[in-house]
$ cat my_file_24.cif   # mmCIF, C-alpha atoms
data_run
#
loop_
_atom_site.label_atom_id
_atom_site.label_comp_id
_atom_site.auth_asym_id
_atom_site.auth_seq_id
_atom_site.Cartn_x
_atom_site.Cartn_y
_atom_site.Cartn_z
CA MET A 101 -9.49 -14.49 -9.79
CA ALA A 102 -6.85 -12.69 -7.73
CA ASP A 103 -3.72 -11.43 -9.42
CA GLN A 104 -0.41 -10.96 -7.63
CA ALA A 105 2.38 -8.51 -8.40
CA SER A 106 5.47 -7.32 -6.59
CA SER A 107 8.30 -4.87 -7.02
CA SER A 108 11.18 -3.43 -5.00
CA ILE A 109 12.91 -0.08 -4.66
CA THR A 110 15.91 1.11 -2.65
CA ILE A 111 15.30 4.14 -0.45
CA ASN A 112 18.15 6.19 1.00
CA ALA A 113 16.87 6.01 4.59
CA SER A 114 16.73 3.72 7.60
CA THR A 115 14.06 1.09 8.16
CA GLU A 116 12.77 3.18 11.07
CA ALA A 117 12.40 6.34 8.96
CA ILE A 118 10.52 4.44 6.23
CA MET A 119 8.27 2.67 8.73
CA ALA A 120 7.43 6.03 10.32
CA VAL A 121 6.13 7.28 6.95
CA ILE A 122 4.23 4.04 6.29
CA ARG A 123 2.62 4.16 9.78
CA ASP A 124 1.47 7.76 9.26
CA VAL A 125 -1.46 6.65 7.11
CA GLU A 126 -3.45 9.83 7.72
CA ALA A 127 -0.75 11.74 5.78
CA TYR A 128 -1.06 9.48 2.68
CA PRO A 129 -3.34 11.96 0.85
CA LEU A 130 -0.49 14.51 1.04
CA TRP A 131 1.91 12.39 -1.00
CA ALA A 132 0.09 9.36 -2.49
CA LYS A 133 -1.67 10.79 -5.55
CA ALA A 134 -4.40 8.14 -5.78
CA ILE A 135 -5.43 8.40 -2.10
CA SER A 136 -7.89 11.19 -1.33
CA LYS A 137 -8.81 10.09 2.20
CA ALA A 138 -7.25 7.97 4.95
CA VAL A 139 -9.00 7.68 8.31
CA VAL A 140 -7.76 5.53 11.19
CA ASP A 141 -10.79 3.59 12.43
CA LYS A 142 -8.96 1.59 15.07
CA LYS A 143 -5.52 2.14 16.61
CA GLY A 144 -3.15 -0.66 17.59
CA LYS A 145 -0.08 -0.64 19.80
CA ASP A 146 2.36 -0.78 16.83
CA GLY A 147 0.39 1.34 14.36
CA PRO A 148 -3.08 1.76 12.92
CA GLN A 149 -5.00 -1.51 13.10
CA GLN A 150 -7.85 -0.58 10.75
CA VAL A 151 -7.95 2.26 8.19
CA THR A 152 -10.57 3.41 5.69
CA PHE A 153 -9.27 4.86 2.42
CA ALA A 154 -10.82 6.61 -0.57
CA LEU A 155 -8.97 5.97 -3.82
CA SER A 156 -9.25 7.36 -7.32
CA ALA A 157 -6.93 5.99 -10.01
CA SER A 158 -7.11 5.29 -13.73
CA GLY A 159 -10.72 6.48 -13.87
CA MET A 160 -11.83 4.19 -11.04
CA SER A 161 -12.76 5.16 -7.51
CA ASP A 162 -13.37 3.08 -4.42
CA GLU A 163 -13.67 3.36 -0.66
CA TYR A 164 -12.22 0.43 1.27
CA THR A 165 -11.03 -0.59 4.72
CA LEU A 166 -7.76 -2.38 5.40
CA VAL A 167 -6.75 -4.33 8.51
CA TYR A 168 -3.01 -4.11 9.34
CA ASP A 169 -0.44 -6.39 10.99
CA TRP A 170 2.69 -4.40 11.93
CA LYS A 171 6.21 -5.78 12.37
CA ALA A 172 9.56 -4.03 12.95
CA ASP A 173 10.65 -4.68 9.34
CA GLY A 174 7.35 -4.24 7.52
CA VAL A 175 3.61 -4.47 7.51
CA SER A 176 0.95 -6.63 5.91
CA TRP A 177 -2.72 -5.90 5.36
CA SER A 178 -5.95 -7.37 4.07
CA LEU A 179 -9.27 -5.99 2.91
CA ALA A 180 -11.81 -5.96 5.76
CA ALA A 181 -14.81 -6.52 3.46
CA PRO A 182 -15.52 -6.53 -0.29
CA THR A 183 -16.20 -3.16 -1.93
CA LYS A 184 -17.75 -1.99 -5.19
CA LEU A 185 -14.40 -2.62 -6.97
CA GLN A 186 -12.55 -5.22 -4.88
CA ARG A 187 -13.46 -8.74 -3.88
CA SER A 188 -10.22 -9.12 -1.94
CA GLN A 189 -6.85 -7.47 -1.32
CA LYS A 190 -3.77 -8.64 0.53
CA GLY A 191 -0.53 -6.74 0.53
CA SER A 192 2.71 -6.10 2.34
CA TYR A 193 5.77 -3.92 2.59
CA GLN A 194 8.93 -5.83 3.55
CA LEU A 195 11.99 -3.74 4.44
CA THR A 196 15.60 -4.98 4.32
CA GLU A 197 18.57 -2.76 5.14
CA THR A 198 21.39 -2.91 2.59
CA ALA A 199 24.72 -1.14 2.09
CA LYS A 200 22.97 1.35 -0.23
CA GLY A 201 19.94 2.10 1.96
CA THR A 202 16.79 0.10 2.61
CA GLU A 203 15.22 -2.17 0.04
CA VAL A 204 11.42 -1.98 0.17
CA THR A 205 9.48 -4.81 -1.46
CA TYR A 206 5.77 -4.28 -2.08
CA LEU A 207 3.63 -7.38 -2.69
CA LEU A 208 0.00 -6.95 -3.74
CA THR A 209 -2.68 -9.54 -4.44
CA MET A 210 -6.02 -8.12 -5.59
CA ASP A 211 -9.21 -9.59 -6.93
CA ILE A 212 -11.03 -6.73 -8.60
CA LEU A 213 -14.67 -6.96 -9.66
CA ILE A 214 -14.30 -5.06 -12.92
CA PRO A 215 -14.19 -7.45 -15.86
CA MET A 216 -10.63 -7.38 -17.22
CA ILE A 217 -8.47 -9.96 -18.88
CA GLY A 218 -5.63 -11.30 -16.74
CA LEU A 219 -2.94 -9.27 -18.51
CA MET A 220 -4.83 -6.01 -17.84
CA LYS A 221 -5.34 -6.91 -14.15
CA ARG A 222 -1.63 -7.65 -13.73
CA LYS A 223 -0.73 -4.38 -15.46
CA PHE A 224 -3.16 -2.47 -13.18
CA ASN A 225 -1.60 -4.08 -10.07
CA GLY A 226 1.88 -3.29 -11.38
CA MET A 227 0.96 0.37 -11.92
CA ILE A 228 -0.36 0.60 -8.35
CA ILE A 229 2.82 -0.92 -6.92
CA ASP A 230 5.24 1.14 -9.03
CA SER A 231 3.44 4.36 -8.18
CA ALA A 232 3.24 3.52 -4.47
CA LEU A 233 6.95 2.68 -4.25
CA LYS A 234 8.08 5.81 -6.13
CA GLU A 235 5.80 8.05 -4.06
CA LEU A 236 6.99 6.41 -0.82
CA LYS A 237 10.63 6.92 -1.85
CA ASN A 238 10.00 10.58 -2.71
CA ARG A 239 8.19 11.19 0.59
CA VAL A 240 10.79 9.49 2.79
CA GLU A 241 13.79 11.09 1.07
CA SER A 242 12.17 14.55 1.10
CA LEU A 243 11.73 14.30 4.88
CA GLY A 244 15.26 13.03 5.54
#
$ encode --input "my_file_24.cif" --output "structure tokens"
Amino acid sequence: MADQASSSITINASTEAIMAVIRDVEAYPLWAKAISKAVVDKKGKDGPQQVTFALSASGMSDEYTLVYDWKADGVSWSLAAPTKLQRSQKGSYQLTETAKGTEVTYLLTMDILIPMIGLMKRKFNGMIIDSALKELKNRVESLG
């Protein structure tokens, strides 16, 4: 069964600056600790359309391909095909400019194949989201 989690963070940067970092998927291994590889398989007019990643986190590793749908204020993605660890994955970044910067909301729905009770799956998803948001914030603000 798929579990959904979401979280938000405010980044001291414009929507455009944040989207530029998100679109630069091939640089993810430089700043996203769990990602060891990111290869653009297919380019689209607004950003990468299909990307293959290698991930290693919490003692688990996986290689997976995501298909992206880009918008001016965010991006959504889905898993192209099941992997050794994931049955499905859908996610998104939604960006909203505020008086204090840009609020970035990360939504993730994953159905992982490793037997875990629901509470553990939700905690795992939450750890992924929290880490991704903090690393994105650090990357964007270090470039600005």
$ residues_around --input "my_file_24.cif" --residues "A:Gln149" --least-positions-apart "5" --cutoff "8 Å" --atoms "only C-alpha atoms" --output "list in words"
Val140, Asp141, Lys142, Lys143, Gly144, Val167, Tyr168 and Asp169 of chain A
$ axis_aligned_box --input "my_file_24.cif" --around "stretch 157-172 of chain A" --padding-each-side "8 Å" --output "lines of an AutoDock Vina configuration file"
center_x = -2.1
center_y = 0.0
center_z = -0.5
size_x = 39.2
size_y = 28.9
size_z = 42.8
$ resolve_selection --input "my_file_24.cif" --expression "the PyMOL selection byres ((chain A and resi 170-185) around 9)" --output "number ranges by chain"
A: 115-116, 119, 122-123, 144, 146-150, 160-169, 186-196, 204, 211-214
$ atom_distance --input "my_file_24.cif" --atom1 "atom CA of A:Asp124" --atom2 "atom CA of A:Val139"
10.5 Å
$ resolve_selection --input "my_file_24.cif" --expression "the PyMOL selection byres ((chain A and resi 129) around 12)" --output "ChimeraX atom specification"
/A:124-128,130-139,153-156,232,235-236,239
$ closest_residue --input "my_file_24.cif" --among "A:Gly159, A:Glu197, A:Glu203, A:Val151" --to "A:Lys237" --atoms "all atoms listed in the file"
A:Glu203
$ atom_distance --input "my_file_24.cif" --atom1 "atom CA of A:Leu243" --atom2 "atom CA of A:Thr110"
15.8 Å
$ atom_distance --input "my_file_24.cif" --atom1 "atom CA of A:Ile109" --atom2 "atom CA of A:Ala157"
21.4 Å
$ resolve_selection --input "my_file_24.cif" --expression "the PyMOL selection byres ((chain A and resi 107) around 7)" --output "PyMOL selection string"
chain A and resi 106+108+205-207+229
$ closest_residue --input "my_file_24.cif" --among "A:Asp230, A:Lys145, A:Gly201, A:Gln104" --to "A:Ile118" --atoms "only C-alpha atoms"
A:Gly201
$ decode --input "my_file_24.cif" --residues "stretch 108-231 of chain A" --atoms "C-alpha atoms" --output "CSV table (one decimal), in the first residue's frame"
chain,number,residue,atom,x,y,z
A,108,SER,CA,7.3,22.5,3.4
A,109,ILE,CA,10.3,24.8,3.9
A,110,THR,CA,10.9,28.5,3.1
A,111,ILE,CA,13.9,29.2,1.0
A,112,ASN,CA,15.4,32.7,0.7
A,113,ALA,CA,15.4,32.8,-3.1
A,114,SER,CA,13.1,33.4,-6.0
A,115,THR,CA,10.9,30.7,-7.6
A,116,GLU,CA,13.1,30.9,-10.7
A,117,ALA,CA,16.4,30.3,-8.8
A,118,ILE,CA,14.9,27.3,-7.0
A,119,MET,CA,13.5,25.8,-10.2
A,120,ALA,CA,16.9,26.2,-11.8
A,121,VAL,CA,18.4,24.0,-9.1
A,122,ILE,CA,15.5,21.5,-9.3
A,123,ARG,CA,15.9,21.3,-13.1
A,124,ASP,CA,19.6,20.7,-12.9
A,125,VAL,CA,19.1,17.0,-12.0
A,126,GLU,CA,22.5,15.9,-13.2
A,127,ALA,CA,24.0,18.0,-10.3
A,128,TYR,CA,21.9,16.2,-7.6
A,129,PRO,CA,24.8,13.9,-6.7
A,130,LEU,CA,26.8,17.0,-5.7
A,131,TRP,CA,24.3,18.1,-3.0
A,132,ALA,CA,21.7,15.4,-2.4
A,133,LYS,CA,23.5,12.9,-0.1
A,134,ALA,CA,21.3,9.9,-1.0
A,135,ILE,CA,21.7,10.3,-4.8
A,136,SER,CA,24.8,8.8,-6.3
A,137,LYS,CA,23.8,9.1,-10.0
A,138,ALA,CA,21.4,11.1,-12.0
A,139,VAL,CA,21.3,10.7,-15.8
A,140,VAL,CA,18.9,12.5,-18.1
A,141,ASP,CA,17.5,9.9,-20.5
A,142,LYS,CA,15.2,12.2,-22.3
A,143,LYS,CA,15.1,16.0,-22.5
A,144,GLY,CA,11.9,18.0,-22.7
A,145,LYS,CA,11.3,21.6,-23.6
A,146,ASP,CA,10.9,22.8,-20.0
A,147,GLY,CA,13.3,20.4,-18.3
A,148,PRO,CA,14.4,16.8,-18.2
A,149,GLN,CA,11.5,14.6,-19.2
A,150,GLN,CA,12.9,11.3,-18.0
A,151,VAL,CA,15.8,10.7,-15.5
A,152,THR,CA,17.5,7.6,-14.1
A,153,PHE,CA,18.7,7.8,-10.5
A,154,ALA,CA,20.8,5.6,-8.2
A,155,LEU,CA,19.9,6.0,-4.6
A,156,SER,CA,21.4,4.7,-1.4
A,157,ALA,CA,19.8,5.7,1.9
A,158,SER,CA,19.2,4.0,5.3
A,159,GLY,CA,21.0,0.9,4.2
A,160,MET,CA,18.8,0.5,1.1
A,161,SER,CA,19.9,1.1,-2.5
A,162,ASP,CA,17.8,1.3,-5.7
A,163,GLU,CA,18.1,2.4,-9.3
A,164,TYR,CA,14.9,4.0,-10.7
A,165,THR,CA,13.6,6.1,-13.5
A,166,LEU,CA,11.3,9.1,-13.1
A,167,VAL,CA,9.1,10.8,-15.7
A,168,TYR,CA,8.7,14.6,-15.1
A,169,ASP,CA,5.9,17.2,-15.8
A,170,TRP,CA,7.4,20.7,-15.5
A,171,LYS,CA,5.4,23.9,-14.6
A,172,ALA,CA,6.5,27.4,-13.9
A,173,ASP,CA,5.8,27.0,-10.2
A,174,GLY,CA,6.8,23.4,-9.7
A,175,VAL,CA,7.2,19.9,-11.0
A,176,SER,CA,5.6,16.6,-10.6
A,177,TRP,CA,7.0,13.1,-11.3
A,178,SER,CA,6.1,9.4,-11.4
A,179,LEU,CA,8.0,6.2,-11.4
A,180,ALA,CA,8.4,4.9,-15.0
A,181,ALA,CA,8.4,1.2,-13.9
A,182,PRO,CA,8.6,-0.8,-10.7
A,183,THR,CA,12.1,-1.4,-9.3
A,184,LYS,CA,13.6,-3.8,-6.8
A,185,LEU,CA,12.5,-1.5,-3.9
A,186,GLN,CA,9.5,0.5,-5.3
A,187,ARG,CA,6.2,-0.6,-6.7
A,188,SER,CA,5.2,3.1,-7.4
A,189,GLN,CA,6.3,6.7,-6.7
A,190,LYS,CA,4.6,10.0,-7.3
A,191,GLY,CA,5.9,13.2,-6.1
A,192,SER,CA,5.9,17.0,-6.6
A,193,TYR,CA,7.5,20.2,-5.6
A,194,GLN,CA,5.1,23.2,-5.4
A,195,LEU,CA,6.6,26.6,-5.1
A,196,THR,CA,4.8,29.7,-3.7
A,197,GLU,CA,6.4,33.1,-3.3
A,198,THR,CA,5.9,34.7,0.1
A,199,ALA,CA,7.1,37.9,1.8
A,200,LYS,CA,9.9,35.9,3.4
A,201,GLY,CA,11.1,34.0,0.3
A,202,THR,CA,9.6,31.0,-1.5
A,203,GLU,CA,7.7,28.3,0.2
A,204,VAL,CA,8.5,24.9,-1.2
A,205,THR,CA,6.1,22.0,-0.5
A,206,TYR,CA,7.3,18.5,-1.3
A,207,LEU,CA,4.6,15.8,-1.6
A,208,LEU,CA,5.7,12.1,-1.9
A,209,THR,CA,3.6,9.0,-2.3
A,210,MET,CA,5.6,5.8,-2.4
A,211,ASP,CA,4.7,2.1,-2.4
A,212,ILE,CA,7.9,0.3,-1.4
A,213,LEU,CA,8.3,-3.4,-1.7
A,214,ILE,CA,10.2,-4.0,1.6
A,215,PRO,CA,7.9,-5.3,4.2
A,216,MET,CA,7.4,-2.6,6.8
A,217,ILE,CA,4.5,-1.6,9.0
A,218,GLY,CA,2.7,1.6,8.0
A,219,LEU,CA,4.2,3.7,10.7
A,220,MET,CA,7.8,2.8,9.5
A,221,LYS,CA,6.9,3.5,5.9
A,222,ARG,CA,5.5,6.9,6.8
A,223,LYS,CA,8.6,7.7,8.8
A,224,PHE,CA,10.8,6.6,5.9
A,225,ASN,CA,8.9,8.9,3.5
A,226,GLY,CA,9.1,11.7,6.0
A,227,MET,CA,12.9,11.3,6.3
A,228,ILE,CA,13.3,11.4,2.5
A,229,ILE,CA,11.2,14.6,2.3
A,230,ASP,CA,12.9,16.4,5.2
A,231,SER,CA,16.3,15.6,3.9
